[in-house]
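Participant: Dropping in data-v5.cif, which is mmCIF, C-alpha atoms:
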```
data_structure
loop_
_atom_site.label_atom_id
_atom_site.label_comp_id
_atom_site.auth_asym_id
_atom_site.auth_seq_id
_atom_site.Cartn_x
_atom_site.Cartn_y
_atom_site.Cartn_z
CA MET A 177 125.76 164.80 101.60
CA CYS A 178 124.15 167.40 99.40
CA TYR A 179 121.75 165.29 97.40
CA GLY A 180 118.77 167.52 97.80
CA THR A 181 115.46 165.83 98.19
CA ALA A 182 114.83 162.11 98.34
CA VAL A 183 111.43 161.10 97.01
CA ALA A 184 109.36 157.95 97.45
CA HIS A 185 105.84 156.94 96.47
CA ASP A 186 103.59 155.85 99.29
CA PRO A 187 102.37 152.40 98.22
CA GLY A 188 99.17 152.86 100.21
CA GLY A 189 97.82 156.00 98.69
CA GLY A 190 100.12 156.82 95.84
CA ARG A 191 100.95 160.12 97.49
CA GLU A 192 104.45 161.32 96.81
CA ARG A 193 106.42 161.79 100.02
CA CYS A 194 109.86 163.20 100.37
CA VAL A 195 112.55 163.79 102.93
CA THR A 196 114.36 167.03 102.37
CA ARG A 197 117.02 169.21 103.87
CA ASP A 198 116.38 172.04 101.45
CA VAL A 199 115.42 175.35 103.06
CA GLU A 200 114.61 178.87 102.03
CA VAL A 201 117.65 181.08 101.59
CA SER A 202 116.37 183.24 104.43
CA ALA A 203 116.87 180.30 106.79
CA VAL A 204 120.63 180.46 106.31
CA ARG A 205 120.82 184.21 106.24
CA ASP A 206 123.69 184.30 108.74
CA LEU A 207 125.86 182.37 106.27
CA LEU A 208 125.34 185.10 103.71
CA ASP A 209 126.06 187.84 106.21
CA HIS A 210 129.33 186.22 107.32
CA PRO A 211 130.38 183.60 104.75
CA PRO A 212 132.69 181.11 106.43
CA ARG A 213 133.68 179.26 103.21
CA ALA A 214 133.13 180.40 99.65
CA THR A 215 134.10 178.67 96.44
CA VAL A 216 133.48 179.54 92.81
CA ALA A 217 133.51 177.01 89.97
CA PHE A 218 133.67 177.76 86.27
CA VAL A 219 134.80 176.21 83.04
CA GLU A 220 138.30 177.02 81.85
CA GLY A 221 139.23 175.61 78.49
CA GLU A 222 137.49 172.26 78.47
CA THR A 223 137.88 171.47 82.14
CA VAL A 224 136.25 172.57 85.34
CA ALA A 225 138.15 174.95 87.58
CA LEU A 226 137.52 176.31 91.02
CA LEU A 227 138.93 178.95 93.30
CA PRO A 228 138.44 179.97 96.89
CA ALA A 229 136.49 183.19 96.95
CA ARG A 230 135.41 185.96 99.23
CA ALA A 231 131.65 186.27 99.07
CA ARG A 232 129.26 189.10 99.85
CA HIS A 233 125.51 189.31 99.76
CA SER A 234 123.36 192.36 100.01
CA ALA A 235 119.74 192.95 99.07
CA GLY A 236 119.57 189.79 97.00
CA VAL A 237 122.76 190.49 95.09
CA TYR A 238 125.50 187.88 95.29
CA GLN A 239 129.06 189.06 94.79
CA PHE A 240 132.40 187.32 94.98
CA GLY A 241 136.05 188.28 94.81
CA ILE A 242 138.83 186.04 93.55
CA PRO A 243 142.56 186.65 93.55
CA ALA A 244 143.50 188.89 90.62
CA GLY A 245 145.17 187.04 87.79
CA ARG A 246 144.20 183.55 89.00
CA ALA A 247 141.61 182.96 86.30
CA VAL A 248 140.78 184.04 82.81
CA GLY A 249 138.26 186.83 83.20
CA LEU A 250 134.91 185.49 84.35
CA ASP A 251 132.87 188.37 82.96
CA THR A 252 129.73 187.07 81.18
CA ARG A 253 130.62 183.48 82.00
CA GLU A 254 128.55 180.93 83.88
CA VAL A 255 129.73 180.36 87.44
CA VAL A 256 128.55 178.51 90.51
CA LEU A 257 129.20 180.10 93.89
CA VAL A 258 128.89 177.91 96.97
CA ILE A 259 128.88 179.36 100.46
CA ASP A 260 128.84 176.68 103.12
CA ASP A 261 129.68 175.77 106.66
CA GLY A 262 129.89 172.78 108.97
CA SER A 263 131.84 169.56 109.32
CA TYR A 264 129.40 167.00 110.72
CA TRP A 265 126.10 165.82 109.27
CA PHE A 266 123.73 167.97 111.26
CA GLU A 267 125.98 171.00 110.97
CA LEU A 268 126.10 171.11 107.17
CA ARG A 269 124.49 174.21 105.73
CA GLY A 270 125.01 176.14 102.55
CA VAL A 271 123.83 178.14 99.59
CA SER A 272 124.57 177.47 95.93
CA VAL A 273 124.13 180.23 93.36
CA ARG A 274 124.33 179.46 89.65
CA GLY A 275 124.36 182.34 87.22
CA VAL A 276 126.31 184.60 84.95
CA ALA A 277 129.15 186.67 86.36
CA ALA A 278 129.58 190.38 85.63
CA ARG A 279 132.72 192.26 86.58
CA ILE A 280 132.12 195.03 89.12
CA GLU A 281 134.18 197.60 90.95
CA PRO A 282 135.61 196.36 94.24
CA PRO A 283 133.52 197.18 97.27
CA GLU A 284 134.85 200.06 99.33
CA ASP A 285 136.13 197.88 102.14
CA GLY A 286 137.79 195.47 99.69
CA ALA A 287 139.40 197.97 97.37
CA THR A 288 142.86 197.70 98.87
CA GLU A 289 143.10 193.97 98.29
CA ARG A 290 144.11 192.38 95.04
CA LEU A 291 140.81 190.75 94.26
CA GLU A 292 138.72 190.82 91.10
CA TRP A 293 135.08 191.30 92.00
CA TYR A 294 132.02 189.97 90.22
CA ALA A 295 128.27 190.05 90.74
CA ILE A 296 126.12 187.08 89.77
CA ALA A 297 122.87 187.37 87.88
CA PRO A 298 121.32 184.29 89.51
CA ARG A 299 119.54 181.64 87.47
CA ARG A 300 119.11 179.25 90.36
CA VAL A 301 119.66 179.54 94.09
CA LEU A 302 119.52 176.55 96.43
CA ALA A 303 119.94 176.44 100.18
CA TRP A 304 120.30 173.50 102.54
CA ASP A 305 120.44 172.86 106.26
CA TYR A 306 120.85 169.25 107.31
CA ALA A 307 119.61 169.93 110.83
CA ALA A 308 116.32 171.03 109.25
CA ILE A 309 115.76 167.61 107.64
CA ARG A 310 112.04 166.79 107.55
CA GLU A 311 109.31 164.97 105.69
CA ALA A 312 107.44 167.20 103.32
CA MET B 62 152.98 172.18 91.86
CA LEU B 63 152.83 169.61 94.65
CA SER B 64 152.72 165.87 94.11
CA PRO B 65 149.98 163.91 95.89
CA ALA B 66 152.69 162.35 98.05
CA ASP B 67 153.99 165.70 99.25
CA PRO B 68 153.75 166.00 103.04
CA THR B 69 151.89 169.30 102.67
CA VAL B 70 149.21 167.64 100.55
CA ARG B 71 148.91 164.75 102.97
CA ALA B 72 148.62 167.16 105.89
CA PHE B 73 145.83 169.11 104.20
CA LEU B 74 143.92 165.94 103.42
CA ARG B 75 144.37 164.69 106.95
CA HIS B 76 143.15 167.93 108.48
CA SER B 77 140.25 168.78 106.15
CA MET B 78 136.68 167.77 106.90
CA VAL B 79 134.99 168.85 103.67
CA ALA B 80 136.17 168.89 100.07
CA GLU B 81 134.67 171.44 97.73
CA ALA B 82 134.39 169.24 94.65
CA ALA B 83 133.99 170.73 91.17
CA THR B 84 132.86 168.60 88.25
CA LEU B 85 131.82 169.21 84.68
CA SER B 86 128.32 168.30 83.53
CA PRO B 87 127.63 166.38 80.33
CA LYS B 88 126.56 169.75 78.87
CA LEU B 89 129.92 171.26 79.87
CA ARG B 90 128.54 173.35 82.69
CA PRO B 91 130.37 173.82 86.00
CA PHE B 92 129.13 172.18 89.18
CA VAL B 93 130.50 172.37 92.71
CA THR B 94 129.33 170.88 95.96
CA PRO B 95 130.82 170.32 99.40
CA LEU B 96 131.39 166.61 100.06
CA TRP B 97 132.66 164.37 102.82
CA PHE B 98 135.72 162.31 101.98
CA VAL B 99 138.24 159.92 103.44
CA VAL B 100 141.60 158.79 102.14
CA HIS B 101 142.41 155.08 101.93
CA ARG B 102 145.56 153.77 100.25
CA ASP B 103 146.13 157.12 98.52
CA ILE B 104 142.63 157.18 96.99
CA LEU B 105 139.99 159.72 98.01
CA TYR B 106 136.58 158.16 98.64
CA ILE B 107 133.34 160.13 98.49
CA ALA B 108 130.33 158.12 99.62
CA GLY B 109 126.65 158.70 98.95
CA ALA B 110 124.15 157.78 96.28
CA PHE B 111 124.94 156.51 92.82
CA ASP B 112 122.94 159.11 90.92
CA THR B 113 124.18 162.32 92.48
CA TRP B 114 124.97 165.22 90.19
CA ALA B 115 128.66 164.77 90.94
CA GLY B 116 128.43 161.06 90.16
CA LYS B 117 126.66 161.62 86.86
CA ASN B 118 129.17 164.28 85.92
CA VAL B 119 132.30 162.24 86.59
CA ALA B 120 130.81 159.34 84.64
CA GLN B 121 131.04 161.62 81.62
CA HIS B 122 133.99 163.86 82.55
CA PRO B 123 136.36 162.18 85.05
CA GLU B 124 138.56 165.20 85.64
CA VAL B 125 137.71 166.97 88.89
CA ALA B 126 139.09 169.83 90.94
CA LEU B 127 138.96 169.88 94.73
CA LEU B 128 139.59 172.48 97.40
CA PHE B 129 140.67 171.58 100.93
CA SER B 130 140.80 174.25 103.60
CA GLY B 131 142.72 172.17 106.15
CA GLU B 132 140.56 173.66 108.86
CA ARG B 133 142.05 171.39 111.52
CA ALA B 134 145.65 172.13 110.45
CA GLY B 135 145.88 175.66 111.73
CA ARG B 136 146.83 177.15 108.35
CA PRO B 137 144.16 179.80 108.02
CA HIS B 138 145.81 181.63 105.15
CA GLU B 139 146.19 178.77 102.67
CA ILE B 140 143.93 176.42 100.76
CA LEU B 141 144.96 173.33 98.82
CA ARG B 142 143.64 172.89 95.30
CA LEU B 143 143.99 169.41 93.93
CA ARG B 144 143.29 168.03 90.49
CA GLY B 145 142.14 164.45 90.24
CA THR B 146 140.62 161.74 88.11
CA ALA B 147 137.33 160.35 89.39
CA THR B 148 135.36 157.20 88.80
CA ARG B 149 131.82 156.38 89.90
CA HIS B 150 131.03 153.02 91.54
CA ARG B 151 127.76 151.36 92.43
CA GLY B 152 127.33 150.17 96.02
CA LEU B 153 129.15 151.05 99.20
CA PRO B 154 132.93 151.17 99.45
CA SER B 155 134.78 148.52 101.45
CA TRP B 156 134.17 148.18 105.18
CA ARG B 157 137.62 149.64 105.82
CA VAL B 158 136.59 152.81 104.00
CA LEU B 159 133.22 152.89 105.75
CA LEU B 160 134.99 152.55 109.06
CA ARG B 161 137.10 155.58 108.21
CA PHE B 162 133.93 157.55 107.44
CA ALA B 163 132.37 156.46 110.72
CA LEU B 164 135.41 157.37 112.75
CA LYS B 165 135.83 160.73 111.06
CA TYR B 166 132.24 161.95 110.86
CA TYR B 167 130.05 160.05 113.34
CA VAL B 168 131.92 158.87 116.42
CA SER B 169 134.94 161.11 116.74
CA PRO B 170 135.03 163.17 119.95
CA ARG B 171 133.82 166.21 118.04
CA ALA B 172 131.22 164.38 115.98
CA LEU B 173 129.52 162.38 118.70
CA PRO B 174 128.02 165.32 120.60
CA VAL B 175 126.55 166.63 117.34
CA GLU B 176 125.08 163.21 116.59
CA LEU B 177 123.61 162.80 120.05
CA ARG B 178 122.06 166.26 120.00
CA HIS B 179 120.13 165.27 116.90
CA ALA B 180 119.27 161.68 117.82
CA ARG B 181 115.56 162.35 117.17
CA LYS B 182 116.38 162.96 113.51
CA TRP B 183 118.34 159.77 112.85
CA ARG B 184 115.20 158.08 111.52
CA LEU B 185 114.68 160.87 109.01
CA ARG B 186 118.30 160.65 107.93
CA ALA B 187 117.94 156.91 107.38
CA LEU B 188 114.80 157.55 105.31
CA TYR B 189 116.60 160.24 103.37
CA TYR B 190 119.39 157.90 102.34
CA ALA B 191 117.04 155.00 101.70
CA ARG B 192 115.05 157.06 99.22
CA LEU B 193 117.88 158.55 97.20
CA LYS B 194 117.76 157.78 93.53
CA GLY B 195 120.02 155.09 92.17
CA GLY B 196 120.79 153.43 95.49
CA ALA B 197 124.14 153.51 97.22
CA GLY B 198 127.21 154.56 95.34
CA HIS B 199 130.56 156.17 95.79
CA ILE B 200 133.19 158.10 93.92
CA GLN B 201 136.89 157.33 93.96
CA VAL B 202 139.37 160.08 93.11
CA VAL B 203 142.98 159.46 92.19
CA PRO B 204 144.70 162.67 93.24
CA GLY B 205 146.91 164.53 90.83
CA ALA B 206 148.91 167.72 91.10
CA GLY B 207 148.21 170.06 93.97
CA GLU B 208 148.73 173.77 94.50
CA LEU B 209 148.56 176.02 97.53
CA LEU B 210 146.38 179.09 97.09
CA ALA B 211 146.09 182.10 99.31
CA ARG B 212 142.74 182.34 101.06
CA PRO B 213 141.09 185.53 99.78
#
```
So that I can check it, write out the structure of this file as structure tokens.
Facilitator:
Amino acid sequence: MCYGTAVAHDPGGGRERCVTRDVEVSAVRDLLDHPPRATVAFVEGETVALLPARARHSAGVYQFGIPAGRAVGLDTREVVLVIDDGSYWFELRGVSVRGVAARIEPPEDGATERLEWYAIAPRRVLAWDYAAIREA
Amino acid sequence: MLSPADPTVRAFLRHSMVAEAATLSPKLRPFVTPLWFVVHRDILYIAGAFDTWAGKNVAQHPEVALLFSGERAGRPHEILRLRGTATRHRGLPSWRVLLRFALKYYVSPRALPVELRHARKWRLRALYYARLKGGAGHIQVVPGAGELLARP
């Protein structure tokens, strides 16, 4: 799963054809409104680390909260946030946001919980929906 | 820390459908993607194409980190984080491993209705896999220490 777009050259006409499950972010909007699973990956020392996260999205801004004290501060560091859902092939959907994290104040409804909150300045956003697989 | 043989770890692996798998790129950048997996003889198998990002990454940096939410275990407040050492392999895994994938993701009582609902798209899926770069491949992960994390 999650290999993006598969490309082949049509031997007849040389036209490049592909089969893709990539979609616009707007097509998985409900995932962003109610993130079922959220994970953030980052580099800690010389190894990769990841934590379960609570994700929020509003007006194009991606935010995530991680348990306080579970990671060296992520401020100004590169992170990848994945929000996804589904178990079986045609159910798999998700969004991946790569960018630089910036520490923010907790949102009002999350202030009582012991989470550190960050916003991502996105460098790349990808979305997928396997049920939307098609030739393009 | 939990050993890979700990019953809690085994239960999470048995009851998780998707592993969030984090790898490190050759340029030391983080990468994470949700992946299907099965366990066979204490090894985690991740099947797909040879030249996936995850595959390329583990070829350079074998250490991986994985999250399992144990969604079928009824433990909604905990998540298992597992460290592991991964290797990339060309070709499909053994038929025993493929059978585990089929039983878990394609013909289980929960999977089959999903498959049948999308029968018109099977041809596209076959094309999709046939055209992936590098041909078939899989990743094997030897699990290391595990840790239970609170779900935020």
Participant: Residues of chain A within 7 Å of chain B, counting all atoms listed in the file - could you list those as a PyMOL selection string?
Facilitator: chain A and resi 177+179+182-184+195+217-219+223-226+228-230+242-243+255-256+263-264+266+309-310
Participant: For C-alpha atoms, I'd like the residues from the last selection saved as a PDB file, in the coordinates of the input.
Facilitator:
```
ATOM      1  CA  MET A 177     125.760 164.800 101.600  1.00  0.00           C
ATOM      2  CA  TYR A 179     121.750 165.290  97.400  1.00  0.00           C
ATOM      3  CA  ALA A 182     114.830 162.110  98.340  1.00  0.00           C
ATOM      4  CA  VAL A 183     111.430 161.100  97.010  1.00  0.00           C
ATOM      5  CA  ALA A 184     109.360 157.950  97.450  1.00  0.00           C
ATOM      6  CA  VAL A 195     112.550 163.790 102.930  1.00  0.00           C
ATOM      7  CA  ALA A 217     133.510 177.010  89.970  1.00  0.00           C
ATOM      8  CA  PHE A 218     133.670 177.760  86.270  1.00  0.00           C
ATOM      9  CA  VAL A 219     134.800 176.210  83.040  1.00  0.00           C
ATOM     10  CA  THR A 223     137.880 171.470  82.140  1.00  0.00           C
ATOM     11  CA  VAL A 224     136.250 172.570  85.340  1.00  0.00           C
ATOM     12  CA  ALA A 225     138.150 174.950  87.580  1.00  0.00           C
ATOM     13  CA  LEU A 226     137.520 176.310  91.020  1.00  0.00           C
ATOM     14  CA  PRO A 228     138.440 179.970  96.890  1.00  0.00           C
ATOM     15  CA  ALA A 229     136.490 183.190  96.950  1.00  0.00           C
ATOM     16  CA  ARG A 230     135.410 185.960  99.230  1.00  0.00           C
ATOM     17  CA  ILE A 242     138.830 186.040  93.550  1.00  0.00           C
ATOM     18  CA  PRO A 243     142.560 186.650  93.550  1.00  0.00           C
ATOM     19  CA  VAL A 255     129.730 180.360  87.440  1.00  0.00           C
ATOM     20  CA  VAL A 256     128.550 178.510  90.510  1.00  0.00           C
ATOM     21  CA  SER A 263     131.840 169.560 109.320  1.00  0.00           C
ATOM     22  CA  TYR A 264     129.400 167.000 110.720  1.00  0.00           C
ATOM     23  CA  PHE A 266     123.730 167.970 111.260  1.00  0.00           C
ATOM     24  CA  ILE A 309     115.760 167.610 107.640  1.00  0.00           C
ATOM     25  CA  ARG A 310     112.040 166.790 107.550  1.00  0.00           C
TER      26      ARG A 310
END
```
Participant: What is the atom CA of Ala214 of chain A to atom CA of Leu257 of chain A distance in Å?
Facilitator: 7.0 Å
Participant: Taking all atoms listed in the file into account, name the residue in B:Arg184, B:Asn118, B:His76, B:Thr146 that is nearest to Ala206 of chain B.
Facilitator: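 For Ala206 of chain B, the nearest of the given residues is B:Thr146.
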Participant: Kindly give the distance, in Å, that separates atom CA of Pro212 of chain A and atom CA of His138 of chain B, rounded to a single decimal.
Facilitator: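 Value for the atom CA of Pro212 of chain A-atom CA of His138 of chain B distance: 13.2 Å.
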Participant: Please expand the PyMOL selection byres ((chain B and resi 68-70) around 9) into the concrete residues it hits in this file, giving the result as a list in words.
Facilitator: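 Listing what the PyMOL selection byres ((chain B and resi 68-70) around 9) selects in the shown file: Leu63, Ser64, Pro65, Ala66, Asp67, Arg71, Ala72, Phe73, Leu74, Arg75, Leu141, Leu143, Gly207, Glu208 and Leu209 of chain B.
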Participant: Tell me which protein, DNA and RNA residues are within 6 Å of segment 268-272 of chain A, counting all atoms listed in the file, leaving out same-chain ones fewer than 4 positions away, and put them as a VMD selection string.
Facilitator: chain A and resid 257 to 262 301 to 306
Participant: Point out the residue among A:Glu200, A:Glu220, A:Asp251, A:Asp285 with the least atom-to-atom distance to Arg232 of chain A, counting all atoms listed in the file.
Facilitator: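 Selected residue with least distance to Arg232 of chain A: A:Asp285.
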Participant: What does the structure give for the distance between atom CA of Tyr106 of chain B and atom CA of Val119 of chain B, in Å to one decimal?
Facilitator: 13.4 Å
Participant: What's around Trp293 of chain A at 8 Å? Count all atoms listed in the file, leave out sequence neighbours fewer than 3 positions away in its own chain, and write the answer as a compact mmCIF listing (two decimals) with C-alpha atoms, in the frame of the given file.
Facilitator:
```
# COMPACT_ATOMS: atom_id res chain seq x y z
CA GLN A 239 129.06 189.06 94.79
CA PHE A 240 132.40 187.32 94.98
CA GLY A 241 136.05 188.28 94.81
CA ILE A 242 138.83 186.04 93.55
CA ARG A 279 132.72 192.26 86.58
CA ILE A 280 132.12 195.03 89.12
CA GLU A 281 134.18 197.60 90.95
CA PRO A 282 135.61 196.36 94.24
```
Participant: Report as a list in words all protein, DNA and RNA residues lying within 8 Å of segment 235-237 of chain A, evaluated on only C-alpha atoms, omitting residues in the same chain fewer than 2 positions from it.
Facilitator: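 Within the cut-off, the hits are His233, Gln239, Ala295, Ile296 and Ala297 of chain A.
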Participant: With the file shown as input, list the residues that the PyMOL selection byres ((chain A and resi 274) around 6) selects, as JSON, numbers by chain.
Facilitator: {"A": [255, 256, 273, 275, 298, 299, 300]}
Participant: Using only C-alpha atoms, which of B:Ala134, B:Val99, B:Val202, B:Ala120 sits nearest Val158 of chain B?
Facilitator: B:Val99
